[in-house]
Amino acid sequence: MTTTPPPPDPPSDAPVPAPAPRRPMSGRAIVRARRRRALARVWRTYRSSFQGMAGLAILIVFVVIAVAAPWITSSRGLDVTNTVKNPELAGPGSHFIFGTDQLGRSVWTLFVWGSRISLFVGLAATIIAVALGAGFGIVAGYAGGRTEAVLMRITEFFLVIPFIPFAVVLASVLHRSLTNIIFVIGITSWPGTARLIRAQVLSVKTRLYVDRSRALGAGHWHLISRHILPNVMPLIFANLTLTVPIAILSESTLSFLGLGDPLRISWGVVLQNAFDNSAVTLGAWWWYLAPGLGIVLVALAFTMCGRALEEILDPRLAETS
């Protein structure tokens, strides 16, 4: 069997082929690369915050409970016709982790399925509030003049009205439904965000790169979308995490006052049922302990995450804390 000899080595003085020229990155590719590096830097800083990571861990636990509710416990346990054989007001034990209510329903089942409604209402109402507040703040801060004066007077009108009485009046006038509760909380929670975003926009629009872009002929939409909004977006996101606990507490308050959706189980509805059936007098502490702890822990977790993000966006807060 014959073997083919290897090809001879090229002479040492042979020219080396030049490497292919690299294609220059497009403007969008550069922007995406910068954003990825910025997000990676924010995440590295966030991981060094103990309170931020603790709040994130608590939130992950509750989100998993809410998402996996159908696999954790059956929704059939919410129907009183399926719990007639269960003991009423039974304390925590091996059969019922958080005991039962006056209808024999497992408080654990109410807690798990109530987390879905409470988190959903909190997030949905917060999105409405932050969207309204950011819109009013950006337009008022950028436009100035009469537009700013009119928008700020509207903001101050909503700001001086006591929040809870105003929300109670709106919830009483409207039909008792989950959609109306979200609308009521969202429409009464945006003024603080509007004032905060307006102050930031007033600072950003006077910076040198905005003046250069305006001098080069950039229009209002270009200035807002390319310069103003990207610079206030981190503040909007941080404010969103701080608004969610307020929305969750508001939903719980309205439900506790009997203004929530009677067909949906939330933590506030569970607390209302416990109060209406004299759980404190009967010594059924487990009935209100579970939803109460859920509200406190979720509100605390969002607040911890929001404070950690504030310290990242404004290092002066970290120095003074």
# chains A, B, ... in the order shown; residues from 1 in each chain; ligands from 1

call {"tool": "closest_atom_pairs", "arguments": {"of": "segment 218-313 of chain A", "to": "segment 114-134 of chain A", "cutoff": "9 Å", "atoms": "only C-alpha atoms", "output": "Markdown table"}}
result
| residue | atom | partner | partner_atom | distance |
| --- | --- | --- | --- | --- |
| A:Val232 | CA | A:Ala134 | CA | 9.0 |
| A:Ile236 | CA | A:Ala134 | CA | 7.2 |
| A:Phe237 | CA | A:Val130 | CA | 8.8 |
| A:Asn239 | CA | A:Val130 | CA | 7.8 |
| A:Leu240 | CA | A:Val130 | CA | 6.4 |
| A:Thr241 | CA | A:Thr126 | CA | 8.6 |
| A:Thr243 | CA | A:Thr126 | CA | 6.0 |
| A:Val244 | CA | A:Gly122 | CA | 5.4 |
| A:Pro245 | CA | A:Gly122 | CA | 7.0 |
| A:Ile246 | CA | A:Gly122 | CA | 7.9 |
| A:Ala247 | CA | A:Gly122 | CA | 4.8 |
| A:Ile248 | CA | A:Gly122 | CA | 4.6 |
| A:Leu249 | CA | A:Gly122 | CA | 8.3 |
| A:Ser250 | CA | A:Gly122 | CA | 8.5 |
| A:Glu251 | CA | A:Val121 | CA | 7.2 |
| A:Ser252 | CA | A:Ser118 | CA | 7.7 |
| A:Arg264 | CA | A:Ile117 | CA | 7.5 |
| A:Ile265 | CA | A:Gly114 | CA | 5.1 |
| A:Ser266 | CA | A:Gly114 | CA | 3.8 |
| A:Trp267 | CA | A:Gly114 | CA | 5.2 |
| A:Gly268 | CA | A:Ser118 | CA | 7.9 |
| A:Val269 | CA | A:Gly114 | CA | 8.3 |
| A:Val270 | CA | A:Gly114 | CA | 7.9 |
| A:Pro291 | CA | A:Gly114 | CA | 8.1 |
| A:Gly294 | CA | A:Ser115 | CA | 7.8 |
| A:Ile295 | CA | A:Ser118 | CA | 8.5 |
| A:Val298 | CA | A:Leu119 | CA | 8.6 |

call {"tool": "closest_residue", "arguments": {"among": "A:Pro230, A:Ser94, A:Ala284, A:Thr147", "to": "Arg35 of chain A", "atoms": "only C-alpha atoms"}}
result
A:Pro230

call {"tool": "select_by_dssp", "arguments": {"residues": "segment 55-172 of chain A", "states": "helix (DSSP H, G or I)", "output": "ChimeraX atom specification"}}
result
/A:55-67,69-72,75-78,80-82,107-143,145-160,163-172

call {"tool": "closest_residue", "arguments": {"among": "A:Leu254, A:Leu242, A:Ile30, A:Val168", "to": "Ala301 of chain A", "atoms": "only C-alpha atoms"}}
result
A:Leu242
